[in-house]
Amino acid sequence: MTDMGQLIEPVIPGLRRYANALVRDPAEADDLVQDCLERAVARWGQRRADGDTRSWLYAILHNLAVNRWRTLRRRGVMAPLEAVDPGSLSVAPAQEHGLARADVLRALDRLPDEYRGVILLVTVEALSYAEAARVLGVPLGTVMSRLSRGRARLASAMADDAPVRSHLRRVK
């Protein structure tokens, strides 16, 4: 035990400086050094007898700091509940996006092939009108007119699929 103490004790001030430089918070740096020393004592038998104790301790400290950064990144920013905007605490449900996507795909399936192909090439694949014209082997004006008509038909099909809301009246 005295051998371990004699090898670790002179390195502690340097570990503190390095931890302070990494996290820039004295309290957190002290916690980091404490965790490092705990790990070093618990795993003293795993170190190489011929290895440098100083570099081994710095490696432990560095790895602990990286693990803390990853954990913090995963958890996100912590703030007092009173300081957080209540609107940011809620998350919009994802079901509506899936339903809207299914509606768009259904409406696309009902379009004629020449309109569907132009819409997919220009909007999904992000081809320019000229590139789409080359791919389809049609003039540029044909691509533009098919795209315009296809978008109009798609909008019409989407409007037809919209849920019908009945306006109820109170009848006495």
# chains A, B, ... in the order shown; residues from 1 in each chain; ligands from 1
>>> closest_atom_pairs(of="segment 117-159 of chain A", to="segment 95-112 of chain A", cutoff="12 Å", atoms="only C-alpha atoms", output="tab-separated table")
residue	atom	partner	partner_atom	distance
A:Gly117	CA	A:Pro112	CA	8.7
A:Val118	CA	A:Pro112	CA	10.4
A:Ile119	CA	A:Leu108	CA	8.9
A:Leu120	CA	A:Leu108	CA	9.1
A:Arg146	CA	A:Pro112	CA	10.3
A:Leu147	CA	A:Leu111	CA	11.6
A:Arg149	CA	A:Leu111	CA	10.2
A:Gly150	CA	A:Leu111	CA	7.3
A:Arg151	CA	A:Leu111	CA	9.7
A:Ala152	CA	A:Leu111	CA	10.6
A:Arg153	CA	A:Leu111	CA	7.3
A:Leu154	CA	A:Ala107	CA	6.2
A:Ala155	CA	A:Ala107	CA	8.6
A:Ser156	CA	A:Ala107	CA	9.0
A:Ala157	CA	A:Ala107	CA	5.7
A:Met158	CA	A:Ala107	CA	6.3
A:Ala159	CA	A:Ala107	CA	9.8
>>> residues_around(residues="Leu64 of chain A", least_positions_apart="6", cutoff="12 Å", atoms="only C-alpha atoms", output="ChimeraX atom specification")
/A:19,22-23,28-29,31-40,57-58,70-71
>>> atom_distance(atom1="atom CA of Arg16 of chain A", atom2="atom CA of Asp30 of chain A")
6.8 Å
>>> closest_residue(among="A:Ala65, A:Met78, A:Met144, A:Met4", to="Ala132 of chain A", atoms="only C-alpha atoms")
A:Met144
>>> atom_distance(atom1="atom CA of Arg73 of chain A", atom2="atom CA of Ser55 of chain A")
26.8 Å
>>> atom_distance(atom1="atom CA of Val41 of chain A", atom2="atom CA of Asp25 of chain A")
24.2 Å
>>> select_by_dssp(residues="segment 23-171 of chain A", states="alpha helix (DSSP H)", output="JSON, numbers by chain")
{"A": [23, 26, 27, 28, 29, 30, 31, 32, 33, 34, 35, 36, 37, 38, 39, 40, 41, 42, 53, 54, 55, 56, 57, 58, 59, 60, 61, 62, 63, 64, 65, 66, 67, 68, 69, 70, 71, 72, 73, 74, 75, 86, 87, 88, 89, 95, 96, 97, 98, 99, 100, 101, 102, 103, 104, 105, 106, 107, 108, 109, 110, 113, 114, 115, 116, 117, 118, 119, 129, 130, 131, 132, 133, 134, 135, 136, 140, 141, 142, 143, 144, 145, 146, 147, 148, 149, 150, 151, 152, 153, 154, 155, 156, 157, 158, 159, 160, 161]}
>>> residues_around(residues="Val11 of chain A", least_positions_apart="2", cutoff="9 Å", atoms="only C-alpha atoms", output="list in words")
Leu7, Ile8, Glu9, Pro13, Gly14, Leu15, Arg16, Thr53, Arg54, Leu57 and Tyr58 of chain A
>>> write_last_selection(atoms="N, CA and C atoms", output="mmCIF file, in the first residue's frame")
data_model
loop_
_atom_site.group_PDB
_atom_site.id
_atom_site.type_symbol
_atom_site.label_atom_id
_atom_site.label_comp_id
_atom_site.auth_asym_id
_atom_site.auth_seq_id
_atom_site.Cartn_x
_atom_site.Cartn_y
_atom_site.Cartn_z
ATOM 1 N N LEU A 7 3.735 6.249 -5.232
ATOM 2 C CA LEU A 7 3.697 6.476 -6.680
ATOM 3 C C LEU A 7 2.561 7.429 -7.090
ATOM 4 N N ILE A 8 1.444 7.393 -6.377
ATOM 5 C CA ILE A 8 0.276 8.197 -6.767
ATOM 6 C C ILE A 8 0.343 9.613 -6.213
ATOM 7 N N GLU A 9 0.753 9.766 -4.962
ATOM 8 C CA GLU A 9 0.691 11.067 -4.283
ATOM 9 C C GLU A 9 1.389 12.205 -5.024
ATOM 10 N N PRO A 13 -1.235 16.748 -7.769
ATOM 11 C CA PRO A 13 -1.339 18.155 -8.202
ATOM 12 C C PRO A 13 -1.415 18.301 -9.725
ATOM 13 N N GLY A 14 -0.663 17.504 -10.445
ATOM 14 C CA GLY A 14 -0.728 17.556 -11.903
ATOM 15 C C GLY A 14 -2.076 17.077 -12.428
ATOM 16 N N LEU A 15 -2.639 16.046 -11.788
ATOM 17 C CA LEU A 15 -3.972 15.573 -12.179
ATOM 18 C C LEU A 15 -5.012 16.666 -11.970
ATOM 19 N N ARG A 16 -4.888 17.394 -10.862
ATOM 20 C CA ARG A 16 -5.833 18.490 -10.595
ATOM 21 C C ARG A 16 -5.727 19.584 -11.654
ATOM 22 N N THR A 53 3.403 4.977 -13.998
ATOM 23 C CA THR A 53 2.198 5.225 -13.201
ATOM 24 C C THR A 53 1.586 6.572 -13.560
ATOM 25 N N ARG A 54 2.433 7.562 -13.781
ATOM 26 C CA ARG A 54 1.949 8.917 -14.100
ATOM 27 C C ARG A 54 1.120 8.909 -15.370
ATOM 28 N N LEU A 57 -2.251 7.143 -14.825
ATOM 29 C CA LEU A 57 -3.236 7.964 -14.116
ATOM 30 C C LEU A 57 -3.824 9.046 -15.020
ATOM 31 N N TYR A 58 -2.987 9.663 -15.836
ATOM 32 C CA TYR A 58 -3.494 10.683 -16.766
ATOM 33 C C TYR A 58 -4.440 10.064 -17.792
#
